[in-house]
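**Q** Data file upload-v6.cif (mmCIF, N, CA and C atoms) is appended below.
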```
data_entry
loop_
_atom_site.label_atom_id
_atom_site.label_comp_id
_atom_site.auth_asym_id
_atom_site.auth_seq_id
_atom_site.Cartn_x
_atom_site.Cartn_y
_atom_site.Cartn_z
N MET O 64 -7.60 8.66 -24.69
CA MET O 64 -6.22 8.80 -25.10
C MET O 64 -5.37 7.84 -24.29
N ILE O 65 -4.37 7.28 -24.94
CA ILE O 65 -3.42 6.39 -24.29
C ILE O 65 -2.01 6.86 -24.64
N LYS O 66 -1.16 6.94 -23.62
CA LYS O 66 0.24 7.29 -23.82
C LYS O 66 1.08 6.27 -23.05
N ILE O 67 2.06 5.70 -23.73
CA ILE O 67 2.98 4.75 -23.08
C ILE O 67 4.39 5.30 -23.22
N GLN O 68 5.09 5.32 -22.09
CA GLN O 68 6.48 5.80 -22.09
C GLN O 68 7.31 4.90 -21.18
N THR O 69 8.55 4.70 -21.57
CA THR O 69 9.48 3.89 -20.78
C THR O 69 10.47 4.80 -20.07
N LEU O 70 10.61 4.59 -18.77
CA LEU O 70 11.64 5.28 -18.00
C LEU O 70 12.86 4.37 -17.91
N ASN O 71 14.03 4.91 -18.11
CA ASN O 71 15.26 4.15 -17.95
C ASN O 71 15.90 4.54 -16.63
N LEU O 72 16.24 3.53 -15.84
CA LEU O 72 16.84 3.74 -14.53
C LEU O 72 18.15 2.97 -14.44
N GLU O 73 18.99 3.40 -13.53
CA GLU O 73 20.22 2.67 -13.24
C GLU O 73 20.32 2.52 -11.72
N SER O 74 20.09 1.29 -11.26
CA SER O 74 20.20 1.06 -9.81
C SER O 74 21.68 0.96 -9.43
N GLN O 75 21.95 1.27 -8.17
CA GLN O 75 23.33 1.30 -7.68
C GLN O 75 23.64 0.20 -6.67
N LYS O 76 22.60 -0.44 -6.10
CA LYS O 76 22.78 -1.40 -5.02
C LYS O 76 21.93 -2.64 -5.28
N GLN O 77 22.24 -3.71 -4.54
CA GLN O 77 21.45 -4.94 -4.66
C GLN O 77 19.99 -4.67 -4.29
N PHE O 78 19.76 -3.98 -3.17
CA PHE O 78 18.42 -3.58 -2.75
C PHE O 78 18.36 -2.07 -2.74
N GLN O 79 17.38 -1.52 -3.45
CA GLN O 79 17.29 -0.06 -3.53
C GLN O 79 15.86 0.33 -3.87
N LEU O 80 15.35 1.33 -3.17
CA LEU O 80 14.07 1.93 -3.53
C LEU O 80 14.35 3.25 -4.22
N ILE O 81 13.91 3.36 -5.46
CA ILE O 81 14.13 4.56 -6.26
C ILE O 81 12.79 5.27 -6.42
N ASP O 82 12.70 6.47 -5.90
CA ASP O 82 11.46 7.25 -5.96
C ASP O 82 11.29 7.79 -7.38
N ILE O 83 10.24 7.34 -8.05
CA ILE O 83 9.98 7.75 -9.43
C ILE O 83 8.71 8.60 -9.54
N THR O 84 8.21 9.08 -8.41
CA THR O 84 6.96 9.83 -8.39
C THR O 84 6.99 11.03 -9.32
N ASP O 85 8.02 11.85 -9.23
CA ASP O 85 8.09 13.06 -10.06
C ASP O 85 8.15 12.72 -11.55
N LYS O 86 8.87 11.67 -11.90
CA LYS O 86 8.96 11.27 -13.32
C LYS O 86 7.61 10.80 -13.84
N VAL O 87 6.89 10.02 -13.03
CA VAL O 87 5.56 9.56 -13.44
C VAL O 87 4.62 10.76 -13.55
N ALA O 88 4.69 11.68 -12.61
CA ALA O 88 3.83 12.87 -12.65
C ALA O 88 4.08 13.69 -13.91
N MET O 89 5.34 13.82 -14.32
CA MET O 89 5.66 14.56 -15.54
C MET O 89 5.07 13.87 -16.77
N ILE O 90 5.11 12.56 -16.80
CA ILE O 90 4.52 11.82 -17.93
C ILE O 90 3.01 12.04 -17.96
N VAL O 91 2.37 12.01 -16.80
CA VAL O 91 0.92 12.24 -16.73
C VAL O 91 0.61 13.66 -17.21
N GLN O 92 1.38 14.65 -16.77
CA GLN O 92 1.16 16.04 -17.19
C GLN O 92 1.27 16.20 -18.70
N SER O 93 2.22 15.47 -19.30
CA SER O 93 2.44 15.62 -20.74
C SER O 93 1.50 14.75 -21.59
N ALA O 94 0.71 13.91 -20.94
CA ALA O 94 -0.14 12.97 -21.69
C ALA O 94 -1.36 13.63 -22.30
N GLY O 95 -1.73 14.79 -21.80
CA GLY O 95 -2.88 15.47 -22.38
C GLY O 95 -4.22 14.97 -21.87
N ILE O 96 -4.26 14.33 -20.71
CA ILE O 96 -5.53 13.89 -20.14
C ILE O 96 -5.83 14.72 -18.90
N THR O 97 -7.09 14.76 -18.55
CA THR O 97 -7.50 15.43 -17.31
C THR O 97 -7.84 14.39 -16.24
N HIS O 98 -8.55 13.32 -16.66
CA HIS O 98 -8.97 12.27 -15.73
C HIS O 98 -8.64 10.91 -16.35
N GLY O 99 -8.26 9.97 -15.50
CA GLY O 99 -7.97 8.63 -15.99
C GLY O 99 -7.18 7.83 -14.98
N LEU O 100 -6.32 6.99 -15.51
CA LEU O 100 -5.48 6.11 -14.70
C LEU O 100 -4.07 6.10 -15.26
N VAL O 101 -3.11 5.86 -14.38
CA VAL O 101 -1.75 5.61 -14.83
C VAL O 101 -1.31 4.28 -14.23
N SER O 102 -0.82 3.43 -15.09
CA SER O 102 -0.28 2.14 -14.68
C SER O 102 1.24 2.23 -14.74
N VAL O 103 1.89 1.83 -13.67
CA VAL O 103 3.36 1.86 -13.59
C VAL O 103 3.81 0.43 -13.36
N SER O 104 4.63 -0.11 -14.26
CA SER O 104 5.02 -1.50 -14.13
C SER O 104 6.50 -1.72 -14.42
N ALA O 105 7.03 -2.74 -13.78
CA ALA O 105 8.43 -3.14 -13.96
C ALA O 105 8.46 -4.42 -14.78
N PRO O 106 9.05 -4.37 -15.98
CA PRO O 106 9.10 -5.56 -16.82
C PRO O 106 10.30 -6.47 -16.47
N HIS O 107 10.49 -6.68 -15.18
CA HIS O 107 11.62 -7.47 -14.70
C HIS O 107 11.11 -8.45 -13.64
N THR O 108 11.70 -9.62 -13.55
CA THR O 108 11.28 -10.61 -12.57
C THR O 108 12.05 -10.50 -11.25
N THR O 109 12.94 -9.52 -11.15
CA THR O 109 13.67 -9.30 -9.91
C THR O 109 13.56 -7.83 -9.48
N ALA O 110 12.43 -7.22 -9.77
CA ALA O 110 12.17 -5.84 -9.38
C ALA O 110 10.67 -5.71 -9.14
N ALA O 111 10.28 -4.62 -8.49
CA ALA O 111 8.87 -4.42 -8.16
C ALA O 111 8.54 -2.94 -8.23
N ILE O 112 7.25 -2.65 -8.22
CA ILE O 112 6.74 -1.28 -8.11
C ILE O 112 5.84 -1.26 -6.88
N LYS O 113 6.09 -0.31 -5.98
CA LYS O 113 5.29 -0.20 -4.76
C LYS O 113 5.05 1.27 -4.43
N ILE O 114 3.99 1.52 -3.68
CA ILE O 114 3.66 2.85 -3.19
C ILE O 114 3.80 2.84 -1.67
N ASN O 115 4.55 3.82 -1.15
CA ASN O 115 4.67 3.96 0.30
C ASN O 115 5.31 5.30 0.62
N HIS O 116 5.64 5.49 1.86
CA HIS O 116 6.21 6.74 2.37
C HIS O 116 7.71 6.75 2.11
N ASN O 117 8.21 7.85 1.55
CA ASN O 117 9.65 7.97 1.28
C ASN O 117 10.34 8.56 2.51
N GLU O 118 10.64 7.68 3.45
CA GLU O 118 11.28 8.08 4.70
C GLU O 118 12.41 7.10 4.95
N PRO O 119 13.65 7.57 5.11
CA PRO O 119 14.82 6.68 5.18
C PRO O 119 14.73 5.57 6.23
N LEU O 120 14.22 5.85 7.41
CA LEU O 120 14.15 4.80 8.43
C LEU O 120 13.10 3.75 8.08
N LEU O 121 12.01 4.18 7.45
CA LEU O 121 11.00 3.22 6.99
C LEU O 121 11.59 2.34 5.89
N ILE O 122 12.36 2.92 4.99
CA ILE O 122 13.00 2.14 3.93
C ILE O 122 13.92 1.08 4.54
N GLN O 123 14.66 1.44 5.58
CA GLN O 123 15.49 0.45 6.28
C GLN O 123 14.62 -0.66 6.88
N ASP O 124 13.49 -0.29 7.46
CA ASP O 124 12.58 -1.28 8.05
C ASP O 124 12.04 -2.24 6.97
N ILE O 125 11.69 -1.68 5.82
CA ILE O 125 11.20 -2.51 4.72
C ILE O 125 12.28 -3.48 4.27
N MET O 126 13.51 -3.00 4.13
CA MET O 126 14.61 -3.87 3.73
C MET O 126 14.82 -4.98 4.76
N LYS O 127 14.83 -4.65 6.04
CA LYS O 127 15.00 -5.66 7.09
C LYS O 127 13.90 -6.72 7.01
N MET O 128 12.67 -6.28 6.84
CA MET O 128 11.54 -7.21 6.78
C MET O 128 11.67 -8.14 5.58
N LEU O 129 12.02 -7.58 4.42
CA LEU O 129 12.15 -8.42 3.22
C LEU O 129 13.28 -9.45 3.36
N TYR O 130 14.39 -9.03 3.93
CA TYR O 130 15.51 -9.95 4.10
C TYR O 130 15.24 -10.97 5.20
N ARG O 131 14.38 -10.65 6.16
CA ARG O 131 13.98 -11.63 7.17
C ARG O 131 13.03 -12.65 6.55
N LEU O 132 12.10 -12.19 5.73
CA LEU O 132 11.14 -13.09 5.06
C LEU O 132 11.81 -13.96 4.00
N VAL O 133 12.73 -13.34 3.23
CA VAL O 133 13.36 -14.03 2.10
C VAL O 133 14.88 -13.79 2.19
N PRO O 134 15.56 -14.57 3.01
CA PRO O 134 17.01 -14.36 3.19
C PRO O 134 17.80 -14.66 1.92
N VAL O 135 18.92 -13.99 1.78
CA VAL O 135 19.81 -14.21 0.64
C VAL O 135 20.58 -15.53 0.80
N ASP O 136 20.87 -15.88 2.05
CA ASP O 136 21.82 -16.96 2.32
C ASP O 136 21.21 -18.34 2.55
N ILE O 137 20.03 -18.62 1.97
CA ILE O 137 19.51 -19.99 2.01
C ILE O 137 19.54 -20.54 0.60
N ASN O 138 19.34 -21.84 0.46
CA ASN O 138 19.41 -22.48 -0.86
C ASN O 138 18.09 -22.32 -1.61
N TYR O 139 18.19 -21.75 -2.80
CA TYR O 139 17.05 -21.61 -3.70
C TYR O 139 17.29 -22.53 -4.89
N SER O 140 16.31 -23.33 -5.22
CA SER O 140 16.44 -24.26 -6.35
C SER O 140 16.77 -23.52 -7.64
N HIS O 141 16.24 -22.33 -7.77
CA HIS O 141 16.49 -21.51 -8.96
C HIS O 141 17.99 -21.27 -9.18
N ASP O 142 18.75 -21.30 -8.09
CA ASP O 142 20.19 -21.01 -8.17
C ASP O 142 21.06 -22.24 -8.44
N VAL O 143 20.44 -23.40 -8.57
CA VAL O 143 21.20 -24.62 -8.87
C VAL O 143 21.25 -24.75 -10.40
N PHE O 144 22.23 -24.09 -10.98
CA PHE O 144 22.33 -24.00 -12.43
C PHE O 144 22.57 -25.35 -13.10
N GLU O 145 23.14 -26.28 -12.38
CA GLU O 145 23.45 -27.60 -12.95
C GLU O 145 22.19 -28.38 -13.30
N ILE O 146 21.09 -28.10 -12.63
CA ILE O 146 19.86 -28.87 -12.91
C ILE O 146 18.80 -28.06 -13.65
N ARG O 147 19.01 -26.76 -13.80
CA ARG O 147 18.06 -25.91 -14.52
C ARG O 147 18.32 -25.95 -16.00
N SER O 148 17.27 -25.76 -16.77
CA SER O 148 17.43 -25.68 -18.22
C SER O 148 17.40 -24.21 -18.65
N GLY O 149 18.04 -23.91 -19.77
CA GLY O 149 18.00 -22.57 -20.33
C GLY O 149 18.73 -21.52 -19.52
N VAL O 150 19.80 -21.90 -18.86
CA VAL O 150 20.55 -20.95 -18.03
C VAL O 150 21.44 -20.10 -18.92
N ASN O 151 21.35 -18.78 -18.73
CA ASN O 151 22.19 -17.83 -19.44
C ASN O 151 23.56 -17.79 -18.76
N LEU O 152 24.63 -17.72 -19.53
CA LEU O 152 25.98 -17.71 -18.96
C LEU O 152 26.22 -16.52 -18.04
N GLU O 153 25.49 -15.43 -18.23
CA GLU O 153 25.67 -14.23 -17.40
C GLU O 153 24.71 -14.20 -16.20
N GLU O 154 23.98 -15.26 -15.98
CA GLU O 154 22.96 -15.27 -14.93
C GLU O 154 23.57 -15.24 -13.53
N ARG O 155 22.87 -14.59 -12.62
CA ARG O 155 23.30 -14.47 -11.23
C ARG O 155 22.55 -15.47 -10.35
N SER O 156 23.10 -15.76 -9.20
CA SER O 156 22.37 -16.51 -8.18
C SER O 156 21.42 -15.51 -7.51
N ASN O 157 20.18 -15.52 -7.96
CA ASN O 157 19.26 -14.48 -7.50
C ASN O 157 17.86 -15.02 -7.19
N GLY O 158 17.80 -16.27 -6.76
CA GLY O 158 16.51 -16.84 -6.39
C GLY O 158 15.78 -15.99 -5.37
N HIS O 159 16.53 -15.44 -4.41
CA HIS O 159 15.93 -14.58 -3.38
C HIS O 159 15.24 -13.36 -3.99
N ALA O 160 15.84 -12.77 -5.02
CA ALA O 160 15.27 -11.58 -5.64
C ALA O 160 13.97 -11.91 -6.38
N HIS O 161 13.92 -13.06 -7.03
CA HIS O 161 12.68 -13.48 -7.71
C HIS O 161 11.55 -13.67 -6.69
N VAL O 162 11.86 -14.30 -5.55
CA VAL O 162 10.83 -14.53 -4.55
C VAL O 162 10.34 -13.22 -3.96
N LYS O 163 11.25 -12.30 -3.66
CA LYS O 163 10.85 -10.98 -3.13
C LYS O 163 9.96 -10.25 -4.14
N ALA O 164 10.34 -10.28 -5.42
CA ALA O 164 9.54 -9.61 -6.45
C ALA O 164 8.15 -10.23 -6.57
N PHE O 165 8.08 -11.56 -6.43
CA PHE O 165 6.80 -12.25 -6.48
C PHE O 165 5.89 -11.76 -5.34
N LEU O 166 6.46 -11.58 -4.17
CA LEU O 166 5.68 -11.12 -3.02
C LEU O 166 5.24 -9.66 -3.16
N LEU O 167 6.09 -8.82 -3.74
CA LEU O 167 5.81 -7.39 -3.82
C LEU O 167 4.90 -7.01 -4.99
N GLY O 168 5.07 -7.65 -6.14
CA GLY O 168 4.25 -7.33 -7.31
C GLY O 168 4.95 -6.38 -8.26
N ALA O 169 4.59 -6.46 -9.51
CA ALA O 169 5.30 -5.75 -10.58
C ALA O 169 4.66 -4.44 -11.01
N SER O 170 3.48 -4.09 -10.44
CA SER O 170 2.84 -2.87 -10.93
C SER O 170 1.93 -2.24 -9.89
N GLU O 171 1.64 -0.97 -10.14
CA GLU O 171 0.66 -0.20 -9.36
C GLU O 171 -0.15 0.63 -10.34
N THR O 172 -1.40 0.87 -10.01
CA THR O 172 -2.27 1.73 -10.80
C THR O 172 -2.75 2.88 -9.92
N ILE O 173 -2.61 4.09 -10.44
CA ILE O 173 -2.95 5.29 -9.67
C ILE O 173 -3.98 6.10 -10.44
N PRO O 174 -5.06 6.54 -9.77
CA PRO O 174 -6.02 7.41 -10.44
C PRO O 174 -5.41 8.77 -10.74
N VAL O 175 -5.91 9.39 -11.81
CA VAL O 175 -5.50 10.73 -12.20
C VAL O 175 -6.76 11.60 -12.21
N GLN O 176 -6.68 12.75 -11.53
CA GLN O 176 -7.79 13.70 -11.51
C GLN O 176 -7.22 15.10 -11.67
N ASP O 177 -7.79 15.85 -12.58
CA ASP O 177 -7.31 17.21 -12.88
C ASP O 177 -5.81 17.22 -13.18
N LYS O 178 -5.37 16.24 -13.96
CA LYS O 178 -3.98 16.10 -14.42
C LYS O 178 -2.99 15.78 -13.30
N GLU O 179 -3.49 15.40 -12.12
CA GLU O 179 -2.62 15.13 -10.97
C GLU O 179 -2.78 13.68 -10.51
N LEU O 180 -1.67 13.09 -10.05
CA LEU O 180 -1.72 11.77 -9.45
C LEU O 180 -2.51 11.84 -8.15
N MET O 181 -3.43 10.95 -7.96
CA MET O 181 -4.25 10.93 -6.74
C MET O 181 -3.55 10.08 -5.68
N LEU O 182 -2.43 10.59 -5.21
CA LEU O 182 -1.67 9.95 -4.14
C LEU O 182 -1.91 10.71 -2.85
N GLY O 183 -1.79 10.02 -1.73
CA GLY O 183 -1.87 10.68 -0.44
C GLY O 183 -0.66 11.58 -0.24
N PRO O 184 -0.72 12.49 0.73
CA PRO O 184 0.36 13.46 0.92
C PRO O 184 1.71 12.84 1.24
N ARG O 185 1.74 11.64 1.76
CA ARG O 185 3.02 10.98 2.09
C ARG O 185 3.32 9.80 1.18
N GLN O 186 2.54 9.62 0.14
CA GLN O 186 2.77 8.48 -0.75
C GLN O 186 3.72 8.83 -1.88
N SER O 187 4.63 7.90 -2.16
CA SER O 187 5.55 8.01 -3.28
C SER O 187 5.50 6.69 -4.06
N ILE O 188 5.82 6.77 -5.34
CA ILE O 188 5.89 5.58 -6.19
C ILE O 188 7.35 5.16 -6.25
N PHE O 189 7.61 3.90 -5.92
CA PHE O 189 8.97 3.38 -5.90
C PHE O 189 9.18 2.29 -6.93
N PHE O 190 10.32 2.36 -7.61
CA PHE O 190 10.88 1.20 -8.30
C PHE O 190 11.72 0.50 -7.24
N VAL O 191 11.45 -0.78 -7.01
CA VAL O 191 12.17 -1.54 -5.98
C VAL O 191 13.15 -2.48 -6.67
N GLU O 192 14.41 -2.17 -6.53
CA GLU O 192 15.48 -3.01 -7.08
C GLU O 192 15.79 -4.11 -6.07
N LEU O 193 15.77 -5.35 -6.54
CA LEU O 193 16.02 -6.49 -5.67
C LEU O 193 17.23 -7.31 -6.12
N ASP O 194 17.86 -6.92 -7.24
CA ASP O 194 18.99 -7.67 -7.78
C ASP O 194 19.94 -6.75 -8.53
N GLY O 195 20.27 -5.61 -7.92
CA GLY O 195 21.10 -4.62 -8.61
C GLY O 195 22.56 -4.87 -8.34
N ALA O 196 23.35 -4.00 -8.86
CA ALA O 196 23.14 -2.81 -9.64
C ALA O 196 22.95 -3.19 -11.12
N ARG O 197 21.99 -2.53 -11.74
CA ARG O 197 21.63 -2.86 -13.13
C ARG O 197 20.97 -1.68 -13.83
N ASP O 198 20.95 -1.77 -15.15
CA ASP O 198 20.11 -0.88 -15.95
C ASP O 198 18.71 -1.48 -15.95
N ARG O 199 17.72 -0.65 -15.70
CA ARG O 199 16.34 -1.12 -15.58
C ARG O 199 15.40 -0.20 -16.35
N GLN O 200 14.18 -0.70 -16.56
CA GLN O 200 13.14 0.08 -17.21
C GLN O 200 11.88 0.04 -16.36
N VAL O 201 11.07 1.07 -16.52
CA VAL O 201 9.74 1.13 -15.94
C VAL O 201 8.81 1.57 -17.06
N ILE O 202 7.70 0.86 -17.21
CA ILE O 202 6.72 1.21 -18.24
C ILE O 202 5.59 1.99 -17.58
N VAL O 203 5.32 3.18 -18.10
CA VAL O 203 4.27 4.05 -17.59
C VAL O 203 3.21 4.17 -18.69
N GLU O 204 1.99 3.75 -18.39
CA GLU O 204 0.90 3.84 -19.36
C GLU O 204 -0.21 4.71 -18.77
N VAL O 205 -0.50 5.80 -19.47
CA VAL O 205 -1.53 6.74 -19.05
C VAL O 205 -2.75 6.53 -19.93
N ILE O 206 -3.91 6.35 -19.30
CA ILE O 206 -5.16 6.12 -20.02
C ILE O 206 -6.20 7.09 -19.47
N GLY O 207 -6.84 7.85 -20.35
CA GLY O 207 -7.86 8.77 -19.85
C GLY O 207 -8.38 9.69 -20.93
N GLU O 208 -9.06 10.72 -20.46
CA GLU O 208 -9.64 11.71 -21.39
C GLU O 208 -9.41 13.12 -20.87
#
```
Would you encode the structure as C-alpha cells?

**A**
Amino acid sequence: MIKIQTLNLESQKQFQLIDITDKVAMIVQSAGITHGLVSVSAPHTTAAIKINHNEPLLIQDIMKMLYRLVPVDINYSHDVFEIRSGVNLEERSNGHAHVKAFLLGASETIPVQDKELMLGPRQSIFFVELDGARDRQVIVEVIGE
C-alpha cells in the first residue's frame, strides 16, 4: 500500500525549525500499514527536512552553526539578478538559503514498525525553514503492508 499526503505549513521566521513529528505519525497511523517506510520531503530549494532533538538551546546551536558556515551577509552569485536568467520579479536575495538547504538535504526516510515511527526517544522530524516567512508544503509518502 502507498499513501501520499501533503502537509501545509506556514513559517513565521527566516530561520525556523518546525516539529512535524506528530503530523507525520498521524499520517502513518491513517495509512493502514503495519510495517514499511515513510518518506518525508520538502519540495522547496530553500528548506530542508532533518531529524534531531527538539530542545531550544540545541536549535539555537544549530542556527549559529548554519549561519557561521553559510553567512547571510556575503555575496552569492545567485543574488546578482542582473546577470541571472529567468529571474522572477518576486524573487528574494536568498543564495544563502539555497546553500544551507543543499547542505542539509530535502528528505528523510523513517522505518515504520507496528504502525509506529521508529524514531529514538529524543528524535523529532523537523521542517527546516531557511527563507521564511512563507507558505510551505511537506510531502509525506507511506509505503508498506

**Q** Pick the closest to Leu180 in chain O from O:Val101, O:Leu120, O:Leu70, O:Ala94: which is it, counting only N, CA and C atoms?

**A**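 Looking only at the distances to Leu180 in chain O, the closest residue turns out to be O:Val101.
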
**Q** Write out as number ranges by chain the set of residues from range 72-168 of chain O that DSSP, computed on the backbone, places in strand (DSSP E or B).

**A** O: 72-73, 79-82, 99-104, 110-115

**Q** Dump N, CA and C atoms for the selected residues as a PDB file, in the coordinates of the input?

**A**
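The result, stored in selection-v4.pdb:
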```pdb
ATOM      1  N   LEU O  72      16.240   3.530 -15.840  1.00  0.00           N
ATOM      2  CA  LEU O  72      16.840   3.740 -14.530  1.00  0.00           C
ATOM      3  C   LEU O  72      18.150   2.970 -14.440  1.00  0.00           C
ATOM      4  N   GLU O  73      18.990   3.400 -13.530  1.00  0.00           N
ATOM      5  CA  GLU O  73      20.220   2.670 -13.240  1.00  0.00           C
ATOM      6  C   GLU O  73      20.320   2.520 -11.720  1.00  0.00           C
ATOM      7  N   GLN O  79      17.380  -1.520  -3.450  1.00  0.00           N
ATOM      8  CA  GLN O  79      17.290  -0.060  -3.530  1.00  0.00           C
ATOM      9  C   GLN O  79      15.860   0.330  -3.870  1.00  0.00           C
ATOM     10  N   LEU O  80      15.350   1.330  -3.170  1.00  0.00           N
ATOM     11  CA  LEU O  80      14.070   1.930  -3.530  1.00  0.00           C
ATOM     12  C   LEU O  80      14.350   3.250  -4.220  1.00  0.00           C
ATOM     13  N   ILE O  81      13.910   3.360  -5.460  1.00  0.00           N
ATOM     14  CA  ILE O  81      14.130   4.560  -6.260  1.00  0.00           C
ATOM     15  C   ILE O  81      12.790   5.270  -6.420  1.00  0.00           C
ATOM     16  N   ASP O  82      12.700   6.470  -5.900  1.00  0.00           N
ATOM     17  CA  ASP O  82      11.460   7.250  -5.960  1.00  0.00           C
ATOM     18  C   ASP O  82      11.290   7.790  -7.380  1.00  0.00           C
ATOM     19  N   GLY O  99      -8.260   9.970 -15.500  1.00  0.00           N
ATOM     20  CA  GLY O  99      -7.970   8.630 -15.990  1.00  0.00           C
ATOM     21  C   GLY O  99      -7.180   7.830 -14.980  1.00  0.00           C
ATOM     22  N   LEU O 100      -6.320   6.990 -15.510  1.00  0.00           N
ATOM     23  CA  LEU O 100      -5.480   6.110 -14.700  1.00  0.00           C
ATOM     24  C   LEU O 100      -4.070   6.100 -15.260  1.00  0.00           C
ATOM     25  N   VAL O 101      -3.110   5.860 -14.380  1.00  0.00           N
ATOM     26  CA  VAL O 101      -1.750   5.610 -14.830  1.00  0.00           C
ATOM     27  C   VAL O 101      -1.310   4.280 -14.230  1.00  0.00           C
ATOM     28  N   SER O 102      -0.820   3.430 -15.090  1.00  0.00           N
ATOM     29  CA  SER O 102      -0.280   2.140 -14.680  1.00  0.00           C
ATOM     30  C   SER O 102       1.240   2.230 -14.740  1.00  0.00           C
ATOM     31  N   VAL O 103       1.890   1.830 -13.670  1.00  0.00           N
ATOM     32  CA  VAL O 103       3.360   1.860 -13.590  1.00  0.00           C
ATOM     33  C   VAL O 103       3.810   0.430 -13.360  1.00  0.00           C
ATOM     34  N   SER O 104       4.630  -0.110 -14.260  1.00  0.00           N
ATOM     35  CA  SER O 104       5.020  -1.500 -14.130  1.00  0.00           C
ATOM     36  C   SER O 104       6.500  -1.720 -14.420  1.00  0.00           C
ATOM     37  N   ALA O 110      12.430  -7.220  -9.770  1.00  0.00           N
ATOM     38  CA  ALA O 110      12.170  -5.840  -9.380  1.00  0.00           C
ATOM     39  C   ALA O 110      10.670  -5.710  -9.140  1.00  0.00           C
ATOM     40  N   ALA O 111      10.280  -4.620  -8.490  1.00  0.00           N
ATOM     41  CA  ALA O 111       8.870  -4.420  -8.160  1.00  0.00           C
ATOM     42  C   ALA O 111       8.540  -2.940  -8.230  1.00  0.00           C
ATOM     43  N   ILE O 112       7.250  -2.650  -8.220  1.00  0.00           N
ATOM     44  CA  ILE O 112       6.740  -1.280  -8.110  1.00  0.00           C
ATOM     45  C   ILE O 112       5.840  -1.260  -6.880  1.00  0.00           C
ATOM     46  N   LYS O 113       6.090  -0.310  -5.980  1.00  0.00           N
ATOM     47  CA  LYS O 113       5.290  -0.200  -4.760  1.00  0.00           C
ATOM     48  C   LYS O 113       5.050   1.270  -4.430  1.00  0.00           C
ATOM     49  N   ILE O 114       3.990   1.520  -3.680  1.00  0.00           N
ATOM     50  CA  ILE O 114       3.660   2.850  -3.190  1.00  0.00           C
ATOM     51  C   ILE O 114       3.800   2.840  -1.670  1.00  0.00           C
ATOM     52  N   ASN O 115       4.550   3.820  -1.150  1.00  0.00           N
ATOM     53  CA  ASN O 115       4.670   3.960   0.300  1.00  0.00           C
ATOM     54  C   ASN O 115       5.310   5.300   0.620  1.00  0.00           C
TER      55      ASN O 115
END
```

**Q** I'd like the residues picked by the PyMOL selection byres (((chain O and resi 88 and name CA) around 12) and name CA) written out as a ChimeraX atom specification, using the chain letters and numbers from the file.

**A** /O:82-87,89-94,100-103,173-182,187-188,203-205

**Q** Given the choices O:Ser140, O:Gln186, O:Thr109, O:Gln200, which gets closest to Phe165 in chain O if the distance is worked out from all atoms listed in the file?

**A** O:Thr109

**Q** Between O:Val133, O:Ile112, O:Ile125, O:Leu152, which residue has the minimum interatomic distance to Phe190 in chain O, considering only N, CA and C atoms?

**A**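 Closest residue, counting only N, CA and C atoms: O:Ile112.
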
**Q** Report the distance between CA of Gly168 in chain O and CA of Ile146 in chain O in Å, rounded to one decimal place.

**A**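 Those two atoms sit 27.2 Å apart.
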
**Q** For CA of Ser104 in chain O and atom C of Phe189 in chain O, quote the distance in Å rounded to one decimal.

**A** 9.1 Å

**Q** Measuring between only C-alpha atoms, which one of O:Lys113, O:Val191, O:Gly158, O:Leu121 shows the shortest distance to Thr172 in chain O?

**A** O:Lys113

**Q** Just the residues within 7 Å of Glu192 in chain O, please, counting all atoms listed in the file, with nothing from its chain fewer than 2 positions along; format it as a tab-separated table (two decimals) with N, CA and C atoms, in the coordinates of the input.

**A**
```tsv
chain	number	residue	atom	x	y	z
O	74	SER	N	20.09	1.29	-11.26
O	74	SER	CA	20.20	1.06	-9.81
O	74	SER	C	21.68	0.96	-9.43
O	76	LYS	N	22.60	-0.44	-6.10
O	76	LYS	CA	22.78	-1.40	-5.02
O	76	LYS	C	21.93	-2.64	-5.28
O	77	GLN	N	22.24	-3.71	-4.54
O	77	GLN	CA	21.45	-4.94	-4.66
O	77	GLN	C	19.99	-4.67	-4.29
O	78	PHE	N	19.76	-3.98	-3.17
O	78	PHE	CA	18.42	-3.58	-2.75
O	78	PHE	C	18.36	-2.07	-2.74
O	79	GLN	N	17.38	-1.52	-3.45
O	79	GLN	CA	17.29	-0.06	-3.53
O	79	GLN	C	15.86	0.33	-3.87
O	80	LEU	N	15.35	1.33	-3.17
O	80	LEU	CA	14.07	1.93	-3.53
O	80	LEU	C	14.35	3.25	-4.22
O	81	ILE	N	13.91	3.36	-5.46
O	81	ILE	CA	14.13	4.56	-6.26
O	81	ILE	C	12.79	5.27	-6.42
O	109	THR	N	12.94	-9.52	-11.15
O	109	THR	CA	13.67	-9.30	-9.91
O	109	THR	C	13.56	-7.83	-9.48
O	110	ALA	N	12.43	-7.22	-9.77
O	110	ALA	CA	12.17	-5.84	-9.38
O	110	ALA	C	10.67	-5.71	-9.14
O	111	ALA	N	10.28	-4.62	-8.49
O	111	ALA	CA	8.87	-4.42	-8.16
O	111	ALA	C	8.54	-2.94	-8.23
O	189	PHE	N	7.61	3.90	-5.92
O	189	PHE	CA	8.97	3.38	-5.90
O	189	PHE	C	9.18	2.29	-6.93
O	190	PHE	N	10.32	2.36	-7.61
O	190	PHE	CA	10.88	1.20	-8.30
O	190	PHE	C	11.72	0.50	-7.24
O	194	ASP	N	17.86	-6.92	-7.24
O	194	ASP	CA	18.99	-7.67	-7.78
O	194	ASP	C	19.94	-6.75	-8.53
O	195	GLY	N	20.27	-5.61	-7.92
O	195	GLY	CA	21.10	-4.62	-8.61
O	195	GLY	C	22.56	-4.87	-8.34
```

**Q** How many Å separate atom C of Asn115 in chain O from atom N of Ile202 in chain O?

**A** 18.5 Å

**Q** As a list in words, list the residues of range 67-115 of chain O assigned to alpha helix (DSSP H) by DSSP on the backbone atoms of this structure.

**A**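 Reading the DSSP output for range 67-115 of chain O, alpha helix (DSSP H) covers Thr84, Asp85, Lys86, Val87, Ala88, Met89, Ile90, Val91, Gln92 and Ser93 of chain O.
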
**Q** Given only C-alpha atoms as the basis, pick out the residue of O:Asn157, O:Gln68, O:Ile114, O:Leu132 nearest to Phe144 in chain O.

**A** O:Asn157

**Q** Return the single residue from O:Ile96, O:Val150, O:Ala160, O:Ile67 that is closest to Pro134 in chain O, with distances computed using all atoms listed in the file.

**A**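 Under the stated criterion, the closest residue is O:Ala160.
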